[in-house]
Amino acid sequence: MARALWTGSLSFGLVNVPVQLLSAAQDLDYHFHELHAKDKARIEHRRFCSKEDTEVMYEEIAHEYDLDGKKVIVTDEELASVEPRKTRTIDIDAFVPLADIDPIHFDHPYFLVPAGESEGTLRAYWLLVETMGRSERVALGRFVMRSKEYLTAIRVRDGALTLTTMLFHDEVRPTKPIPTGGKKKPAKRQLEIAVAVIEELSTEWHPERYEDCYRERLRRVIESKRKRRKIEVPEPEEQPKPPPDLIEALERTLESIRG
């Protein structure tokens, strides 16, 4: 059972449901320690003053912000004065269709589970699960975790409530200044074949079909090193060039898929 990261209540009007927050993602990456290549000793990271060349303790560290070239120093007390009020409630503000939310706003997924096994807690939790499952809507709310306020999307997945933290609208970069080379309308034949390629590759979403190939290759490297096998490092591949004839490349792609 994963450790609860937050415990509080999910507030739905006058109904409060005691809940716990569990991470819905698990870290399966391989983590390495940094070593000194010469003697294989563990590397330590310390904070040093660039002027005095001495190690600085955590309580001696101040915070500086560059405001148009002017240095502004902010103390820990001043930072604490603007922290959001720590509450133990996730307040639902509104319900919206899931299709209305651009996935770019989604950040990290969590599970919301009942906090406790009392009859009242479980009854309220499952009432909310059943209600939201029937409405097919996403609840938008806010809550504070680790001195930061989050915008959240709450929905039903496989008979349980999930909570996904979201980016605020101004945290998502607008597409207008992104360099895309300008809008160039493709030729009709190019568009027809490209759409046909998409149709041929269209399928249902099955997440188990997609695996982390890099992690599997890394696992094999670690296993080979454990058995003292030699690791063959492949030659770096060259960046593929754009096709000289786009129509021909699309037609060959379509033939390959259909074949």
# chains A, B, ... in the order shown; residues from 1 in each chain; ligands from 1
>>> select_by_dssp(residues="segment 5-239 of chain A", states="strand (DSSP E)", output="MDAnalysis selection string")
chainID A and resid 6:12 15:23 63:67 70:74 89:97 106:114 137:145 148:157 160:166
>>> residues_around(residues="Val96 of chain A", least_positions_apart="4", cutoff="9 Å", atoms="only C-alpha atoms", output="count of residues only")
7
>>> closest_residue(among="A:Arg123, A:Arg219, A:Lys184, A:Arg142", to="Leu10 of chain A", atoms="only C-alpha atoms")
A:Arg142
>>> residues_around(residues="Thr162 of chain A", least_positions_apart="6", cutoff="9 Å", atoms="only C-alpha atoms", output="list in words")
Leu21, Ala24, Pro109, Tyr110, Phe111, Leu112, Val113, Ala153, Ile154, Arg155 and Val156 of chain A
>>> closest_residue(among="A:Leu67, A:Met132, A:Val172, A:Ile90", to="Pro103 of chain A", atoms="only C-alpha atoms")
A:Val172
>>> select_by_dssp(residues="segment 150-237 of chain A", states="helix (DSSP H, G or I)", output="ChimeraX atom specification")
/A:169-171,188-201,207-209,213-226
>>> closest_residue(among="A:Tyr58, A:Asp102, A:Ile92, A:Ile231", to="Asp76 of chain A", atoms="only C-alpha atoms")
A:Tyr58
>>> decode(residues="segment 159-172 of chain A", atoms="N, CA and C atoms", output="PDB file, in the first residue's frame")
ATOM      1  N   GLY A 159     -13.855   2.818 -10.946  1.00  0.00           N
ATOM      2  CA  GLY A 159     -14.558   2.754  -9.680  1.00  0.00           C
ATOM      3  C   GLY A 159     -13.886   3.464  -8.526  1.00  0.00           C
ATOM      4  N   ALA A 160     -12.913   4.317  -8.809  1.00  0.00           N
ATOM      5  CA  ALA A 160     -12.230   5.088  -7.762  1.00  0.00           C
ATOM      6  C   ALA A 160     -12.088   6.534  -8.212  1.00  0.00           C
ATOM      7  N   LEU A 161     -11.915   7.421  -7.252  1.00  0.00           N
ATOM      8  CA  LEU A 161     -11.696   8.827  -7.578  1.00  0.00           C
ATOM      9  C   LEU A 161     -10.216   9.062  -7.846  1.00  0.00           C
ATOM     10  N   THR A 162      -9.933   9.793  -8.891  1.00  0.00           N
ATOM     11  CA  THR A 162      -8.564  10.205  -9.187  1.00  0.00           C
ATOM     12  C   THR A 162      -8.488  11.720  -9.150  1.00  0.00           C
ATOM     13  N   LEU A 163      -7.337  12.221  -8.759  1.00  0.00           N
ATOM     14  CA  LEU A 163      -7.088  13.658  -8.715  1.00  0.00           C
ATOM     15  C   LEU A 163      -5.837  13.946  -9.529  1.00  0.00           C
ATOM     16  N   THR A 164      -5.922  14.876 -10.439  1.00  0.00           N
ATOM     17  CA  THR A 164      -4.771  15.275 -11.243  1.00  0.00           C
ATOM     18  C   THR A 164      -4.496  16.752 -11.003  1.00  0.00           C
ATOM     19  N   THR A 165      -3.282  17.071 -10.554  1.00  0.00           N
ATOM     20  CA  THR A 165      -2.927  18.483 -10.420  1.00  0.00           C
ATOM     21  C   THR A 165      -2.804  19.080 -11.816  1.00  0.00           C
ATOM     22  N   MET A 166      -3.109  20.370 -11.911  1.00  0.00           N
ATOM     23  CA  MET A 166      -3.163  21.023 -13.223  1.00  0.00           C
ATOM     24  C   MET A 166      -2.298  22.279 -13.242  1.00  0.00           C
ATOM     25  N   LEU A 167      -1.868  22.640 -14.422  1.00  0.00           N
ATOM     26  CA  LEU A 167      -1.171  23.906 -14.617  1.00  0.00           C
ATOM     27  C   LEU A 167      -2.203  25.025 -14.702  1.00  0.00           C
ATOM     28  N   PHE A 168      -1.896  26.154 -14.082  1.00  0.00           N
ATOM     29  CA  PHE A 168      -2.762  27.322 -14.254  1.00  0.00           C
ATOM     30  C   PHE A 168      -2.599  27.853 -15.677  1.00  0.00           C
ATOM     31  N   HIS A 169      -3.588  28.591 -16.143  1.00  0.00           N
ATOM     32  CA  HIS A 169      -3.622  28.985 -17.554  1.00  0.00           C
ATOM     33  C   HIS A 169      -2.382  29.760 -17.981  1.00  0.00           C
ATOM     34  N   ASP A 170      -1.835  30.605 -17.080  1.00  0.00           N
ATOM     35  CA  ASP A 170      -0.671  31.400 -17.473  1.00  0.00           C
ATOM     36  C   ASP A 170       0.636  30.620 -17.367  1.00  0.00           C
ATOM     37  N   GLU A 171       0.583  29.383 -16.871  1.00  0.00           N
ATOM     38  CA  GLU A 171       1.769  28.532 -16.848  1.00  0.00           C
ATOM     39  C   GLU A 171       1.962  27.785 -18.165  1.00  0.00           C
ATOM     40  N   VAL A 172       0.932  27.773 -19.001  1.00  0.00           N
ATOM     41  CA  VAL A 172       1.019  27.134 -20.310  1.00  0.00           C
ATOM     42  C   VAL A 172       1.427  28.187 -21.337  1.00  0.00           C
TER      43      VAL A 172
END
